[in-house]
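To start, the structure under review is shown below, and the notes come after it.
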Amino acid sequence: MTDEISLNAEHATENNGHRWFALRVKCRYEKLVSTLLRDKGYDEFLPLYWSRRRWSDRFQSVELPLFPGYVFCRLEPQQSRLPLLVTPGAMHFVGVGRSPEPIDDGEIGAIQAALRSGLRAEPWPFLKVGHRVRLEEGPLNGLEGILIEVRKQHRIVVSVSLLQRSMAVEIDREWIRPLDAARPSILIDAQSALAVGTPCI
């Protein structure tokens, strides 16, 4: 399947006490919720990619969310969430009980960097095992993630731990340096990796 990246975010502003949160939305409502939040003045982020899908007798490229069922939004931790929750398609914030949990800024930054790079990306099962690596060259220089191999192509997986969702970006093997220099990097076989099913299809 041939996928290309599309970016639907302009988020270079400073934190100013704001944190990223994940808003759970109804399946196939991601783009609508993202647009409505942006129109309300919120700093939202919906990572998208292009996927080539077969429709009856032909193939067509469609733009899909990298993290189906979620839209990211930056808020002050104590800010009222009601205006977001009444947005058509919005369900609830991801967290513990009634308390939303912020997402690590580095994880959101890694996703944004991957999308800005122009490299091919796609959703990927969340990986709980494997060696972390750092890219020392290329457009994602400095990015950290988990190294995997799919159909003899190397990719780096970056994740949102709170959601247990991941994305994979194609890279060159020469860009990689293991974070643990005392241990050789391990390529994880895609079938043997632990994964969590996506909430939307």
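Starting from 1 in every chain, residues are counted up; chains themselves are A, B, ... following the order of the structure tokens, and ligands are numbered from 1 as listed.
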
**Request:** From the DSSP assignment of the backbone, select every residue of stretch 13-201 of chain A that is strand (DSSP E), and format the answer as number ranges by chain.
**Result:** A: 19-25, 43-45, 48-55, 58-65, 70-75, 90-93, 95-96, 99-100, 121-124, 132-135, 144-150, 153-160, 165-170, 176-178, 188-189

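Distance annotation: of A:Ala22, A:Leu85, A:Leu143, A:Leu46, the residue with the minimal separation from A:Ala114 is A:Leu143; atom set is only C-alpha atoms.
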
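When the distance limit is 10 Å and only C-alpha atoms are what count, the residues near A:Gly138, minus those fewer than 4 positions from it on the same chain, are Ser117, Gly142, Ile171, Asp172, Glu174, Trp175 and Ile176 of chain A.
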
Any chance you can output those residues with C-alpha atoms as an mmCIF file, in the first residue's frame?
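What follows is the written file part_2.cif:
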```
data_model
loop_
_atom_site.group_PDB
_atom_site.id
_atom_site.type_symbol
_atom_site.label_atom_id
_atom_site.label_comp_id
_atom_site.auth_asym_id
_atom_site.auth_seq_id
_atom_site.Cartn_x
_atom_site.Cartn_y
_atom_site.Cartn_z
ATOM 1 C CA SER A 117 9.891 15.665 7.036
ATOM 2 C CA GLY A 142 17.605 13.771 16.531
ATOM 3 C CA ILE A 171 14.010 5.740 7.057
ATOM 4 C CA ASP A 172 17.446 4.753 5.772
ATOM 5 C CA GLU A 174 22.456 4.513 7.741
ATOM 6 C CA TRP A 175 20.659 7.216 9.764
ATOM 7 C CA ILE A 176 20.286 5.014 12.859
#
```

So that I can see what lies close to stretch 96-106 of chain A, please list as a CSV table (one decimal) with N, CA, C and O atoms, in the first residue's frame the residues with an atom at most 9 Å from it, counting only C-alpha atoms and leaving out residues fewer than 6 positions away in the same chain.
```csv
chain,number,residue,atom,x,y,z
A,19,ARG,N,-0.8,22.4,27.7
A,19,ARG,CA,-0.4,21.0,27.5
A,19,ARG,C,-1.3,20.4,26.4
A,19,ARG,O,-2.4,20.8,26.2
A,20,TRP,N,-0.7,19.4,25.8
A,20,TRP,CA,-1.5,18.6,24.8
A,20,TRP,C,-2.3,17.6,25.4
A,20,TRP,O,-1.9,16.8,26.3
A,21,PHE,N,-3.6,17.5,25.0
A,21,PHE,CA,-4.5,16.5,25.5
A,21,PHE,C,-5.1,15.8,24.3
A,21,PHE,O,-5.2,16.3,23.2
A,22,ALA,N,-5.6,14.5,24.5
A,22,ALA,CA,-6.2,13.8,23.4
A,22,ALA,C,-7.7,13.8,23.6
A,22,ALA,O,-8.2,13.4,24.7
A,77,PRO,N,-4.1,23.2,31.8
A,77,PRO,CA,-4.7,22.0,32.5
A,77,PRO,C,-6.0,22.3,33.3
A,77,PRO,O,-6.9,21.5,33.4
A,160,VAL,N,2.3,7.6,20.9
A,160,VAL,CA,1.7,8.4,22.0
A,160,VAL,C,1.3,7.4,23.1
A,160,VAL,O,0.4,6.6,23.0
A,161,SER,N,2.1,7.4,24.2
A,161,SER,CA,2.0,6.4,25.2
A,161,SER,C,0.6,6.3,25.8
A,161,SER,O,0.1,5.3,26.1
A,162,LEU,N,0.0,7.5,26.1
A,162,LEU,CA,-1.3,7.6,26.7
A,162,LEU,C,-2.3,6.9,25.9
A,162,LEU,O,-3.2,6.2,26.5
A,163,LEU,N,-2.3,7.0,24.6
A,163,LEU,CA,-3.3,6.4,23.7
A,163,LEU,C,-2.9,5.0,23.4
A,163,LEU,O,-3.8,4.2,22.9
```

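As for atom CA of A:Gly145 and atom CA of A:Ala121, they are spaced 13.6 Å apart.
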
**Asked** Can you list, as number ranges by chain, every protein, DNA or RNA residue that comes within 6 Å of A:Ile146 when you count only C-alpha atoms, leaving out same-chain residues fewer than 2 positions away?
**Response** A: 131-133, 156-157

**Asked** Got a sec: who's within 6 Å of A:His18, counting only C-alpha atoms, leaving out chain neighbours fewer than 4 positions off, as a PyMOL selection string?
**Response** chain A and resi 74-76

**Request:** Assign secondary structure with DSSP using the backbone only, and return the residues of stretch 114-161 of chain A in helix (DSSP H, G or I) as number ranges by chain.
**Result:** A: 114-117

**Request:** Skip A:Cys200 itself and residues of its chain fewer than 2 positions away, then list as JSON, numbers by chain all residues within 8 Å of it, counting only C-alpha atoms.
**Result:** {"A": [27, 28, 68, 69, 198]}

What are the closest atom pairs, with distances in Å to one decimal, for all residues of stretch 149-182 of chain A lying within 9 Å of stretch 109-112 of chain A? Consider only C-alpha atoms, order rows by chain and residue number, and present the result as a Markdown table.
```
| residue | atom | partner | partner_atom | distance |
| --- | --- | --- | --- | --- |
| A:Val158 | CA | A:Ala110 | CA | 6.8 |
| A:Ser159 | CA | A:Ile111 | CA | 8.0 |
| A:Val160 | CA | A:Ile111 | CA | 8.8 |
| A:Met167 | CA | A:Ile111 | CA | 8.0 |
```

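Restricting the calculation to only C-alpha atoms, the smallest distance between A:Cys73 and any of A:Gln164, A:Ser34, A:Asn141, A:Gln153 is found for A:Ser34.
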
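Going from atom CA of A:Phe126 over to atom CA of A:Pro65, you cover 15.5 Å.
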